[in-house]
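Source file protein-v2.cif; content: mmCIF, C-alpha atoms.
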```cif
data_input
#
loop_
_atom_site.group_PDB
_atom_site.id
_atom_site.type_symbol
_atom_site.label_atom_id
_atom_site.label_comp_id
_atom_site.auth_asym_id
_atom_site.auth_seq_id
_atom_site.Cartn_x
_atom_site.Cartn_y
_atom_site.Cartn_z
ATOM 1 C CA MET O 1 17.348 -25.950 -16.866
ATOM 2 C CA SER O 2 16.118 -29.450 -17.479
ATOM 3 C CA LEU O 3 13.254 -28.413 -19.776
ATOM 4 C CA SER O 4 15.088 -25.687 -21.662
ATOM 5 C CA GLY O 5 15.229 -27.779 -24.804
ATOM 6 C CA VAL O 6 11.453 -28.020 -24.914
ATOM 7 C CA CYS O 7 11.114 -24.262 -24.475
ATOM 8 C CA VAL O 8 13.736 -23.387 -27.091
ATOM 9 C CA THR O 9 12.143 -25.665 -29.661
ATOM 10 C CA ALA O 10 8.739 -24.159 -28.983
ATOM 11 C CA VAL O 11 10.061 -20.616 -29.227
ATOM 12 C CA GLU O 12 11.700 -21.378 -32.560
ATOM 13 C CA SER O 13 8.323 -22.499 -33.905
ATOM 14 C CA ARG O 14 6.661 -19.255 -32.818
ATOM 15 C CA PRO O 15 5.705 -16.885 -35.656
ATOM 16 C CA PRO O 16 8.361 -14.214 -36.330
ATOM 17 C CA GLY O 17 7.978 -11.058 -34.284
ATOM 18 C CA VAL O 18 6.210 -12.562 -31.281
ATOM 19 C CA LEU O 19 9.369 -13.042 -29.260
ATOM 20 C CA GLY O 20 11.736 -11.498 -31.746
ATOM 21 C CA GLY O 21 10.625 -8.007 -30.788
ATOM 22 C CA ALA O 22 11.813 -8.627 -27.260
ATOM 23 C CA SER O 23 15.296 -9.577 -28.399
ATOM 24 C CA GLN O 24 15.632 -6.530 -30.654
ATOM 25 C CA GLY O 25 14.634 -4.077 -27.962
ATOM 26 C CA PRO O 26 11.960 -1.366 -28.002
ATOM 27 C CA VAL O 27 11.896 0.873 -31.063
ATOM 28 C CA HIS O 28 9.785 4.052 -31.416
ATOM 29 C CA ARG O 29 7.587 3.221 -28.446
ATOM 30 C CA PRO O 30 5.472 6.018 -26.887
ATOM 31 C CA PHE O 31 6.810 7.236 -23.548
ATOM 32 C CA GLY O 32 3.534 6.587 -21.753
ATOM 33 C CA ALA O 33 3.377 3.033 -23.045
ATOM 34 C CA ARG O 34 6.953 2.454 -21.954
ATOM 35 C CA VAL O 35 6.195 3.675 -18.432
ATOM 36 C CA LYS O 36 3.178 1.355 -18.246
ATOM 37 C CA ALA O 37 5.357 -1.503 -19.454
ATOM 38 C CA PHE O 38 7.938 -0.990 -16.706
ATOM 39 C CA VAL O 39 5.166 -0.816 -14.123
ATOM 40 C CA ALA O 40 3.752 -4.045 -15.553
ATOM 41 C CA LEU O 41 7.126 -5.716 -14.985
ATOM 42 C CA THR O 42 6.550 -5.343 -11.245
ATOM 43 C CA LYS O 43 3.186 -7.206 -11.383
ATOM 44 C CA PRO O 44 1.266 -4.614 -9.298
ATOM 45 C CA ARG O 45 -1.782 -6.798 -8.645
ATOM 46 C CA ILE O 46 0.351 -9.483 -7.031
ATOM 47 C CA ILE O 47 2.145 -6.896 -4.904
ATOM 48 C CA GLU O 48 -1.188 -5.552 -3.664
ATOM 49 C CA LEU O 49 -1.830 -8.959 -2.139
ATOM 50 C CA LEU O 50 1.619 -8.990 -0.507
ATOM 51 C CA LEU O 51 1.015 -5.584 1.077
ATOM 52 C CA ILE O 52 -2.368 -6.764 2.363
ATOM 53 C CA THR O 53 -0.483 -9.292 4.480
ATOM 54 C CA THR O 54 2.266 -6.852 5.512
ATOM 55 C CA VAL O 55 0.444 -3.801 6.876
ATOM 56 C CA PRO O 56 -2.086 -5.572 9.161
ATOM 57 C CA VAL O 57 0.748 -7.433 10.878
ATOM 58 C CA MET O 58 2.292 -4.030 11.655
ATOM 59 C CA PHE O 59 -0.920 -3.143 13.522
ATOM 60 C CA LEU O 60 -0.742 -6.437 15.412
ATOM 61 C CA ALA O 61 2.918 -5.881 16.304
ATOM 62 C CA GLN O 62 2.180 -2.340 17.509
ATOM 63 C CA GLN O 63 -1.078 -3.402 19.223
ATOM 64 C CA GLY O 64 -2.537 -0.270 17.696
ATOM 65 C CA VAL O 65 -1.723 2.203 14.951
ATOM 66 C CA PRO O 66 1.942 1.996 13.902
ATOM 67 C CA ASP O 67 3.932 5.061 12.893
ATOM 68 C CA LEU O 68 2.455 6.068 9.536
ATOM 69 C CA LYS O 69 5.839 7.084 8.131
ATOM 70 C CA LEU O 70 7.110 3.608 8.983
ATOM 71 C CA VAL O 71 4.097 2.061 7.257
ATOM 72 C CA LEU O 72 4.760 4.136 4.144
ATOM 73 C CA LEU O 73 8.463 3.264 4.055
ATOM 74 C CA THR O 74 7.688 -0.432 4.578
ATOM 75 C CA CYS O 75 5.128 -0.410 1.775
ATOM 76 C CA VAL O 76 7.441 1.417 -0.632
ATOM 77 C CA GLY O 77 10.339 -0.864 0.231
ATOM 78 C CA GLY O 78 8.127 -3.928 -0.075
ATOM 79 C CA TYR O 79 6.778 -2.802 -3.439
ATOM 80 C CA LEU O 80 10.241 -2.148 -4.846
ATOM 81 C CA SER O 81 11.584 -5.465 -3.559
ATOM 82 C CA ALA O 82 8.675 -7.547 -4.846
ATOM 83 C CA GLY O 83 8.686 -5.541 -8.077
ATOM 84 C CA GLY O 84 12.352 -6.316 -8.597
ATOM 85 C CA ALA O 85 11.729 -10.005 -7.983
ATOM 86 C CA ASN O 86 8.848 -10.018 -10.469
ATOM 87 C CA ALA O 87 10.901 -8.224 -13.127
ATOM 88 C CA LEU O 88 13.744 -10.726 -12.746
ATOM 89 C CA ASN O 89 11.185 -13.538 -12.909
ATOM 90 C CA MET O 90 9.947 -12.171 -16.246
ATOM 91 C CA TYR O 91 13.519 -11.908 -17.511
ATOM 92 C CA ILE O 92 14.204 -15.565 -16.723
ATOM 93 C CA ASP O 93 10.824 -16.818 -17.961
ATOM 94 C CA ARG O 94 10.668 -14.748 -21.156
ATOM 95 C CA ASP O 95 11.034 -17.881 -23.300
ATOM 96 C CA ILE O 96 7.965 -19.639 -21.893
ATOM 97 C CA ASP O 97 5.985 -16.418 -21.404
ATOM 98 C CA ALA O 98 5.965 -16.054 -25.209
ATOM 99 C CA LEU O 99 4.222 -19.413 -25.547
ATOM 100 C CA MET O 100 1.543 -19.110 -22.862
ATOM 101 C CA ASP O 101 -1.751 -17.381 -23.589
ATOM 102 C CA ARG O 102 -1.972 -15.794 -20.120
ATOM 103 C CA THR O 103 1.488 -14.200 -20.416
ATOM 104 C CA ALA O 104 1.632 -13.388 -24.138
ATOM 105 C CA GLN O 105 1.164 -9.657 -23.537
ATOM 106 C CA ARG O 106 3.946 -9.197 -21.009
ATOM 107 C CA PRO O 107 6.389 -6.389 -21.861
ATOM 108 C CA LEU O 108 9.315 -8.639 -22.792
ATOM 109 C CA VAL O 109 7.153 -10.730 -25.102
ATOM 110 C CA THR O 110 5.702 -7.728 -26.929
ATOM 111 C CA GLY O 111 9.103 -6.052 -27.173
ATOM 112 C CA MET O 112 8.009 -2.977 -25.241
ATOM 113 C CA VAL O 113 10.974 -3.614 -22.888
ATOM 114 C CA SER O 114 14.190 -5.347 -23.913
ATOM 115 C CA PRO O 115 15.666 -8.222 -21.855
ATOM 116 C CA ARG O 116 18.692 -6.082 -20.960
ATOM 117 C CA GLU O 117 16.473 -3.265 -19.714
ATOM 118 C CA CYS O 118 14.383 -5.699 -17.706
ATOM 119 C CA LEU O 119 17.452 -7.259 -16.075
ATOM 120 C CA ALA O 120 18.898 -3.850 -15.169
ATOM 121 C CA PHE O 121 15.506 -2.684 -13.868
ATOM 122 C CA GLY O 122 15.073 -5.747 -11.652
ATOM 123 C CA ILE O 123 18.587 -5.536 -10.183
ATOM 124 C CA THR O 124 18.191 -1.805 -9.550
ATOM 125 C CA LEU O 125 14.932 -2.317 -7.672
ATOM 126 C CA ALA O 126 16.537 -5.080 -5.608
ATOM 127 C CA VAL O 127 19.440 -2.865 -4.558
ATOM 128 C CA VAL O 128 17.326 0.232 -3.908
ATOM 129 C CA SER O 129 14.722 -1.664 -1.871
ATOM 130 C CA THR O 130 17.350 -3.338 0.310
ATOM 131 C CA LEU O 131 19.070 -0.024 1.038
ATOM 132 C CA LEU O 132 15.743 1.709 1.654
ATOM 133 C CA PHE O 133 14.730 -0.920 4.197
ATOM 134 C CA GLY O 134 18.121 -0.952 5.883
ATOM 135 C CA LEU O 135 18.598 2.798 6.121
ATOM 136 C CA THR O 136 15.041 3.892 6.955
ATOM 137 C CA VAL O 137 13.355 0.872 8.625
ATOM 138 C CA ASN O 138 15.884 -1.631 10.012
ATOM 139 C CA TRP O 139 18.391 -4.131 8.681
ATOM 140 C CA LEU O 140 16.431 -7.189 9.834
ATOM 141 C CA SER O 141 13.610 -6.159 7.510
ATOM 142 C CA ALA O 142 16.149 -5.427 4.776
ATOM 143 C CA TRP O 143 17.660 -8.919 4.927
ATOM 144 C CA LEU O 144 14.224 -10.556 5.074
ATOM 145 C CA SER O 145 13.179 -8.542 2.016
ATOM 146 C CA LEU O 146 16.328 -9.447 0.110
ATOM 147 C CA GLY O 147 15.919 -13.073 1.164
ATOM 148 C CA ALA O 148 12.366 -13.138 -0.210
ATOM 149 C CA LEU O 149 13.565 -11.669 -3.501
ATOM 150 C CA LEU O 150 16.424 -14.142 -3.895
ATOM 151 C CA PHE O 151 14.240 -17.080 -2.886
ATOM 152 C CA TYR O 152 11.631 -16.186 -5.507
ATOM 153 C CA VAL O 153 14.144 -15.567 -8.286
ATOM 154 C CA VAL O 154 16.699 -18.288 -7.598
ATOM 155 C CA VAL O 155 14.935 -21.070 -5.699
ATOM 156 C CA TYR O 156 11.486 -20.842 -7.287
ATOM 157 C CA THR O 157 12.042 -19.426 -10.781
ATOM 158 C CA MET O 158 15.450 -20.877 -11.616
ATOM 159 C CA ILE O 159 15.419 -24.179 -9.707
ATOM 160 C CA LEU O 160 11.944 -25.424 -8.783
ATOM 161 C CA LYS O 161 9.490 -24.091 -11.354
ATOM 162 C CA ARG O 162 10.572 -26.206 -14.326
ATOM 163 C CA ARG O 163 11.649 -29.259 -12.335
ATOM 164 C CA THR O 164 8.996 -30.311 -9.836
ATOM 165 C CA SER O 165 5.255 -30.260 -9.274
ATOM 166 C CA GLN O 166 5.996 -29.046 -5.736
ATOM 167 C CA ASN O 167 7.318 -25.790 -7.187
ATOM 168 C CA ILE O 168 4.553 -23.590 -5.856
ATOM 169 C CA VAL O 169 4.577 -25.276 -2.429
ATOM 170 C CA TRP O 170 8.183 -24.443 -1.583
ATOM 171 C CA GLY O 171 8.563 -21.508 -3.938
ATOM 172 C CA GLY O 172 5.615 -19.897 -2.201
ATOM 173 C CA ILE O 173 7.789 -19.264 0.844
ATOM 174 C CA ALA O 174 8.908 -16.036 -0.822
ATOM 175 C CA GLY O 175 5.329 -14.766 -0.775
ATOM 176 C CA CYS O 176 4.983 -15.616 2.920
ATOM 177 C CA LEU O 177 7.950 -13.527 4.077
ATOM 178 C CA PRO O 178 6.125 -10.141 3.898
ATOM 179 C CA VAL O 179 4.280 -11.249 7.043
ATOM 180 C CA LEU O 180 7.607 -11.470 8.884
ATOM 181 C CA ILE O 181 8.738 -8.172 7.343
ATOM 182 C CA GLY O 182 5.634 -6.396 8.625
ATOM 183 C CA TRP O 183 6.364 -7.576 12.162
ATOM 184 C CA SER O 184 10.108 -6.891 12.050
ATOM 185 C CA SER O 185 9.609 -3.394 10.661
ATOM 186 C CA VAL O 186 7.810 -2.440 13.882
ATOM 187 C CA THR O 187 9.692 -4.509 16.474
ATOM 188 C CA ASN O 188 13.082 -5.171 14.836
ATOM 189 C CA SER O 189 12.644 -8.720 16.177
ATOM 190 C CA MET O 190 10.703 -11.929 15.628
ATOM 191 C CA SER O 191 7.882 -13.635 17.529
ATOM 192 C CA TRP O 192 5.663 -16.689 17.227
ATOM 193 C CA ALA O 193 2.720 -14.506 16.127
ATOM 194 C CA PRO O 194 4.156 -13.650 12.679
ATOM 195 C CA VAL O 195 5.517 -17.189 12.335
ATOM 196 C CA ILE O 196 1.996 -18.579 12.720
ATOM 197 C CA LEU O 197 0.657 -16.136 10.128
ATOM 198 C CA PHE O 198 3.608 -17.065 7.900
ATOM 199 C CA LEU O 199 2.458 -20.694 8.116
ATOM 200 C CA VAL O 200 -1.110 -19.669 7.258
ATOM 201 C CA MET O 201 0.217 -18.112 4.052
ATOM 202 C CA PHE O 202 2.459 -21.119 3.400
ATOM 203 C CA PHE O 203 -0.499 -23.514 3.340
ATOM 204 C CA TRP O 204 -2.703 -20.926 1.616
ATOM 205 C CA THR O 205 -0.379 -20.541 -1.382
ATOM 206 C CA PRO O 206 -0.796 -23.959 -3.083
ATOM 207 C CA ALA O 207 -4.494 -24.075 -2.218
ATOM 208 C CA HIS O 208 -4.795 -20.624 -3.814
ATOM 209 C CA TYR O 209 -2.686 -21.243 -6.919
ATOM 210 C CA TRP O 210 -3.579 -24.805 -7.888
ATOM 211 C CA PRO O 211 -7.183 -23.893 -8.878
ATOM 212 C CA LEU O 212 -5.761 -21.306 -11.299
ATOM 213 C CA SER O 213 -3.258 -23.878 -12.544
ATOM 214 C CA MET O 214 -6.154 -26.266 -13.198
ATOM 215 C CA LYS O 215 -7.751 -23.599 -15.371
ATOM 216 C CA VAL O 216 -4.611 -22.900 -17.436
ATOM 217 C CA LYS O 217 -2.907 -26.290 -17.250
ATOM 218 C CA GLU O 218 -2.735 -26.538 -21.056
ATOM 219 C CA ASP O 219 -0.541 -23.418 -21.022
ATOM 220 C CA TYR O 220 1.842 -24.986 -18.532
ATOM 221 C CA ALA O 221 1.823 -28.324 -20.354
ATOM 222 C CA ARG O 222 2.708 -26.598 -23.631
ATOM 223 C CA VAL O 223 5.912 -25.165 -22.169
ATOM 224 C CA GLY O 224 6.838 -28.161 -20.034
ATOM 225 C CA VAL O 225 6.276 -26.602 -16.611
ATOM 226 C CA PRO O 226 5.162 -29.463 -14.319
ATOM 227 C CA MET O 227 2.529 -27.693 -12.246
ATOM 228 C CA LEU O 228 0.606 -30.301 -10.262
ATOM 229 C CA PRO O 229 -2.544 -30.115 -12.454
ATOM 230 C CA VAL O 230 -0.356 -30.876 -15.506
ATOM 231 C CA ILE O 231 0.930 -34.182 -14.175
ATOM 232 C CA ALA O 232 -1.983 -35.255 -11.948
ATOM 233 C CA SER O 233 -5.725 -35.685 -12.427
ATOM 234 C CA ASN O 234 -8.181 -33.078 -11.221
ATOM 235 C CA LYS O 235 -9.278 -35.523 -8.501
ATOM 236 C CA VAL O 236 -5.747 -35.724 -7.124
ATOM 237 C CA VAL O 237 -5.227 -31.972 -7.288
ATOM 238 C CA ALA O 238 -8.557 -31.258 -5.601
ATOM 239 C CA ARG O 239 -7.724 -33.725 -2.822
ATOM 240 C CA GLN O 240 -4.408 -31.949 -2.236
ATOM 241 C CA ILE O 241 -6.214 -28.597 -2.154
ATOM 242 C CA VAL O 242 -8.588 -29.921 0.514
ATOM 243 C CA ILE O 243 -5.687 -31.200 2.633
ATOM 244 C CA TYR O 244 -3.805 -27.899 2.467
ATOM 245 C CA SER O 245 -7.047 -26.014 3.128
ATOM 246 C CA TRP O 246 -7.775 -27.897 6.337
ATOM 247 C CA VAL O 247 -4.240 -27.385 7.639
ATOM 248 C CA MET O 248 -4.393 -23.685 6.714
ATOM 249 C CA VAL O 249 -7.682 -23.116 8.506
ATOM 250 C CA LEU O 250 -6.559 -24.980 11.630
ATOM 251 C CA VAL O 251 -3.294 -23.012 11.784
ATOM 252 C CA SER O 252 -5.223 -19.759 11.297
ATOM 253 C CA LEU O 253 -7.064 -20.442 14.570
ATOM 254 C CA LEU O 254 -3.886 -20.649 16.682
ATOM 255 C CA PRO O 255 -3.215 -16.916 17.329
ATOM 256 C CA THR O 256 -6.192 -16.551 19.684
ATOM 257 C CA PRO O 257 -5.582 -19.494 22.082
ATOM 258 C CA LEU O 258 -1.900 -18.493 22.157
ATOM 259 C CA GLY O 259 -2.884 -14.995 23.276
ATOM 260 C CA TYR O 260 -1.879 -12.947 20.225
ATOM 261 C CA THR O 261 -5.421 -12.102 19.078
ATOM 262 C CA GLY O 262 -8.866 -11.945 20.629
ATOM 263 C CA TRP O 263 -12.465 -12.930 19.963
ATOM 264 C CA PHE O 264 -12.894 -10.798 16.851
ATOM 265 C CA TYR O 265 -10.058 -12.394 14.920
ATOM 266 C CA MET O 266 -11.197 -15.868 15.999
ATOM 267 C CA ALA O 267 -14.758 -15.217 14.829
ATOM 268 C CA VAL O 268 -13.565 -13.973 11.424
ATOM 269 C CA ALA O 269 -11.090 -16.846 11.057
ATOM 270 C CA LEU O 270 -13.802 -19.402 11.816
ATOM 271 C CA ALA O 271 -16.346 -17.858 9.432
ATOM 272 C CA ALA O 272 -13.946 -17.215 6.558
ATOM 273 C CA GLY O 273 -12.206 -20.541 7.052
ATOM 274 C CA GLY O 274 -15.497 -22.402 7.178
ATOM 275 C CA TYR O 275 -16.575 -20.917 3.866
ATOM 276 C CA TRP O 276 -13.165 -21.732 2.356
ATOM 277 C CA LEU O 277 -13.577 -25.398 3.360
ATOM 278 C CA TRP O 278 -17.065 -25.398 1.845
ATOM 279 C CA GLU O 279 -15.643 -24.188 -1.461
ATOM 280 C CA ALA O 280 -12.663 -26.562 -1.326
ATOM 281 C CA HIS O 281 -14.850 -29.603 -0.719
ATOM 282 C CA GLY O 282 -17.220 -28.390 -3.421
ATOM 283 C CA LEU O 283 -14.325 -28.331 -5.870
ATOM 284 C CA GLN O 284 -13.326 -31.836 -4.793
ATOM 285 C CA ASN O 285 -16.879 -33.119 -5.298
ATOM 286 C CA ARG O 286 -17.061 -31.565 -8.758
ATOM 287 C CA ALA O 287 -13.667 -33.034 -9.648
ATOM 288 C CA LYS O 288 -14.921 -36.491 -8.693
ATOM 289 C CA ALA O 289 -18.014 -36.030 -10.855
ATOM 290 C CA GLU O 290 -16.225 -34.359 -13.765
ATOM 291 C CA VAL O 291 -16.474 -37.482 -15.925
ATOM 292 C CA THR O 292 -20.255 -37.070 -15.875
ATOM 293 C CA GLY O 293 -20.016 -33.600 -17.402
ATOM 294 C CA VAL O 294 -20.142 -31.462 -14.251
ATOM 295 C CA LYS O 295 -18.227 -28.216 -14.704
ATOM 296 C CA LEU O 296 -15.195 -27.906 -12.430
ATOM 297 C CA LYS O 297 -15.681 -24.187 -11.600
ATOM 298 C CA GLU O 298 -12.140 -24.101 -10.238
ATOM 299 C CA MET O 299 -11.928 -20.300 -10.404
ATOM 300 C CA ARG O 300 -14.557 -19.962 -7.667
ATOM 301 C CA LEU O 301 -12.033 -21.094 -5.080
ATOM 302 C CA PHE O 302 -9.249 -19.064 -6.677
ATOM 303 C CA HIS O 303 -11.241 -15.835 -6.436
ATOM 304 C CA TRP O 304 -12.454 -16.635 -2.930
ATOM 305 C CA SER O 305 -8.876 -17.334 -1.823
ATOM 306 C CA ILE O 306 -7.964 -13.694 -2.515
ATOM 307 C CA THR O 307 -11.018 -12.458 -0.626
ATOM 308 C CA TYR O 308 -10.235 -14.844 2.235
ATOM 309 C CA VAL O 309 -6.719 -13.606 2.835
ATOM 310 C CA SER O 310 -7.908 -9.991 2.632
ATOM 311 C CA ILE O 311 -10.645 -10.582 5.208
ATOM 312 C CA LEU O 312 -8.383 -12.558 7.533
ATOM 313 C CA PHE O 313 -5.635 -9.949 7.607
ATOM 314 C CA VAL O 314 -8.067 -7.062 8.003
ATOM 315 C CA ALA O 315 -9.216 -8.935 11.114
ATOM 316 C CA VAL O 316 -5.562 -9.102 12.221
ATOM 317 C CA ALA O 317 -5.380 -5.298 11.981
ATOM 318 C CA VAL O 318 -8.741 -4.579 13.641
ATOM 319 C CA ASP O 319 -8.464 -7.083 16.484
ATOM 320 C CA PRO O 320 -6.030 -5.072 18.688
ATOM 321 C CA PHE O 321 -8.588 -2.246 18.923
ATOM 322 C CA LEU O 322 -11.286 -4.581 20.259
ATOM 323 C CA ARG O 323 -9.313 -6.378 22.957
#
```
Starting from the file, give its structure as structure tokens.
Amino acid sequence: MSLSGVCVTAVESRPPGVLGGASQGPVHRPFGARVKAFVALTKPRIIELLLITTVPVMFLAQQGVPDLKLVLLTCVGGYLSAGGANALNMYIDRDIDALMDRTAQRPLVTGMVSPRECLAFGITLAVVSTLLFGLTVNWLSAWLSLGALLFYVVVYTMILKRRTSQNIVWGGIAGCLPVLIGWSSVTNSMSWAPVILFLVMFFWTPAHYWPLSMKVKEDYARVGVPMLPVIASNKVVARQIVIYSWVMVLVSLLPTPLGYTGWFYMAVALAAGGYWLWEAHGLQNRAKAEVTGVKLKEMRLFHWSITYVSILFVAVAVDPFLR
């Protein structure tokens, strides 16, 4: 990759044992700690957010309660697929993870899991999840799941992340695909309803992640990853967040006039979206005044973004029962 030289040089300057443990493999590690380490490779907290966007769409597709066995199989398959993608992401990014404060305790960095084990674990989860989807749900969902995994690992992690500030914009497509998987698992087909919700997540992703990137931009700068806040001022980043936020909120209102949802979803989308825009513009105003000593408080929008998507998709699930 184009910035590999920067990363290698930085890793070589790291104190012995920080990354060296990962290359030597785990030695005399407690079984319980090893299990926790393999679970950590899947990034469970991120997967929780993906499932929050998957299951409600199943309710929308069914226009009621979907088959609970199907929900379980879709969730298990989705977890294994996303977990495999996250493990492979950690395998590829193990050089820069050792240099960033927020990733310094990941299993490959601490040596709790060896790179070879991580690679085998990620590939195994990818294969098992694809077969699970194909054999127990349907093959459309299986290919969408595999496509999301490959997009995240190859397009985002290997190609975009270290090359362009638009990495999270286009790389975020992988995190939007669970919406389509939720719909296809019930209908074995596609519709404009999940496509619209896919677009909501597409515009949500940069507006969600850039505030966090503003907080930890020194980490990304240290390893040469050109996240937008690394190469642009806070004013520019905040303006981009506001633009994406407005588009996201406007797109989120489309399902009701197009007949896919009713009054309840629209009311929730308006309220939650309105508060999001309040927070986004607040961040922009603070970014403009930052030179005067005003704190940026960028994590307010980051934390709200998680609450927002949870509220919106709960409304997606509840709405069919109120129409």
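The space between CA of Thr54 in chain O and CA of Trp304 in chain O spans 19.6 Å.
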Which residues are near range 170-176 of chain O? Cut-off 6 Å, only C-alpha atoms, ignore same chain within fewer than 5 positions. Put them as a ChimeraX atom specification.
/O:148,151-152,156,198,201
Top pick for closest residue to Thr307 in chain O, considering O:Trp246, O:Tyr275, O:Phe133, O:Phe203 and counting only C-alpha atoms:
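Answer, going by the shortest atom-to-atom distance: O:Tyr275.
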Residues within 7 Å of Ala87 in chain O, please, as JSON, numbers by chain. Count only C-alpha atoms; anything in the same chain fewer than 5 positions from it doesn't count.
{"O": [41, 42, 118, 122]}
Please expand the PyMOL selection byres ((chain O and resi 59) around 10) into the concrete residues it hits in this file, giving the result as a list in words.
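Expected selection for the PyMOL selection byres ((chain O and resi 59) around 10) here is Thr54, Val55, Pro56, Val57, Met58, Leu60, Ala61, Gln62, Gln63, Gly64, Val65, Pro66, Asp67, Val71, Gly182, Trp183, Val186, Val314, Val316, Ala317, Val318, Asp319, Pro320 and Phe321 of chain O.
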Can I get the selected residues back with C-alpha atoms, as a PDB file, keeping the file's coordinate frame?
```pdb
ATOM      1  CA  THR O  54       2.266  -6.852   5.512  1.00  0.00           C
ATOM      2  CA  VAL O  55       0.444  -3.801   6.876  1.00  0.00           C
ATOM      3  CA  PRO O  56      -2.086  -5.572   9.161  1.00  0.00           C
ATOM      4  CA  VAL O  57       0.748  -7.433  10.878  1.00  0.00           C
ATOM      5  CA  MET O  58       2.292  -4.030  11.655  1.00  0.00           C
ATOM      6  CA  LEU O  60      -0.742  -6.437  15.412  1.00  0.00           C
ATOM      7  CA  ALA O  61       2.918  -5.881  16.304  1.00  0.00           C
ATOM      8  CA  GLN O  62       2.180  -2.340  17.509  1.00  0.00           C
ATOM      9  CA  GLN O  63      -1.078  -3.402  19.223  1.00  0.00           C
ATOM     10  CA  GLY O  64      -2.537  -0.270  17.696  1.00  0.00           C
ATOM     11  CA  VAL O  65      -1.723   2.203  14.951  1.00  0.00           C
ATOM     12  CA  PRO O  66       1.942   1.996  13.902  1.00  0.00           C
ATOM     13  CA  ASP O  67       3.932   5.061  12.893  1.00  0.00           C
ATOM     14  CA  VAL O  71       4.097   2.061   7.257  1.00  0.00           C
ATOM     15  CA  GLY O 182       5.634  -6.396   8.625  1.00  0.00           C
ATOM     16  CA  TRP O 183       6.364  -7.576  12.162  1.00  0.00           C
ATOM     17  CA  VAL O 186       7.810  -2.440  13.882  1.00  0.00           C
ATOM     18  CA  VAL O 314      -8.067  -7.062   8.003  1.00  0.00           C
ATOM     19  CA  VAL O 316      -5.562  -9.102  12.221  1.00  0.00           C
ATOM     20  CA  ALA O 317      -5.380  -5.298  11.981  1.00  0.00           C
ATOM     21  CA  VAL O 318      -8.741  -4.579  13.641  1.00  0.00           C
ATOM     22  CA  ASP O 319      -8.464  -7.083  16.484  1.00  0.00           C
ATOM     23  CA  PRO O 320      -6.030  -5.072  18.688  1.00  0.00           C
ATOM     24  CA  PHE O 321      -8.588  -2.246  18.923  1.00  0.00           C
TER      25      PHE O 321
END
```
Given only C-alpha atoms as the basis, pick out the residue of O:Arg222, O:Lys69, O:Arg29, O:Lys215 nearest to Leu99 in chain O.
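Of O:Arg222, O:Lys69, O:Arg29, O:Lys215, the one nearest Leu99 in chain O, counting only C-alpha atoms, is O:Arg222.
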Picked residues, the PyMOL selection byres ((chain O and resi 128) around 12), expected as an NGL selection string:
:O and (76-84 or 121-127 or 129-136 or 142 or 145-146)
Out of O:Pro255, O:Ile311, O:Phe31, O:Leu72, which residue has the shortest atom-to-atom distance to Val137 in chain O when counting all atoms listed in the file?
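Using all atoms listed in the file, the shortest distance to Val137 in chain O belongs to O:Leu72.
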Please evaluate the PyMOL selection byres ((chain O and resi 94) around 9) against the displayed coordinates and give the resulting residues as a ChimeraX atom specification.
/O:19,22,89-93,95-98,106,108-109,115
Of the listed residues O:Ala85, O:Ala232, O:Leu312, O:Leu180, that which approaches Leu253 in chain O most closely, counting all atoms listed in the file
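Closest residue, counting all atoms listed in the file: O:Leu312.
In this structure, CA of Pro178 in chain O sits 10.6 Å away from CA of Leu149 in chain O.
Comparing O:Lys235, O:Val247, O:Leu212, O:Ala221 by their smallest distance to Lys297 in chain O, the closest is O:Leu212 (using only C-alpha atoms).
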Neighbour residues at most 8 Å from (-7.5, -29.2, -15.0) (only C-alpha atoms) as an MDAnalysis selection string
chainID O and resid 213:217 229:230 233:234
Deliver the residues from the most recent selection as a file, using C-alpha atoms, as an mmCIF file, in the coordinates of the input.
```cif
data_model
loop_
_atom_site.group_PDB
_atom_site.id
_atom_site.type_symbol
_atom_site.label_atom_id
_atom_site.label_comp_id
_atom_site.auth_asym_id
_atom_site.auth_seq_id
_atom_site.Cartn_x
_atom_site.Cartn_y
_atom_site.Cartn_z
ATOM 1 C CA SER O 213 -3.258 -23.878 -12.544
ATOM 2 C CA MET O 214 -6.154 -26.266 -13.198
ATOM 3 C CA LYS O 215 -7.751 -23.599 -15.371
ATOM 4 C CA VAL O 216 -4.611 -22.900 -17.436
ATOM 5 C CA LYS O 217 -2.907 -26.290 -17.250
ATOM 6 C CA PRO O 229 -2.544 -30.115 -12.454
ATOM 7 C CA VAL O 230 -0.356 -30.876 -15.506
ATOM 8 C CA SER O 233 -5.725 -35.685 -12.427
ATOM 9 C CA ASN O 234 -8.181 -33.078 -11.221
#
```
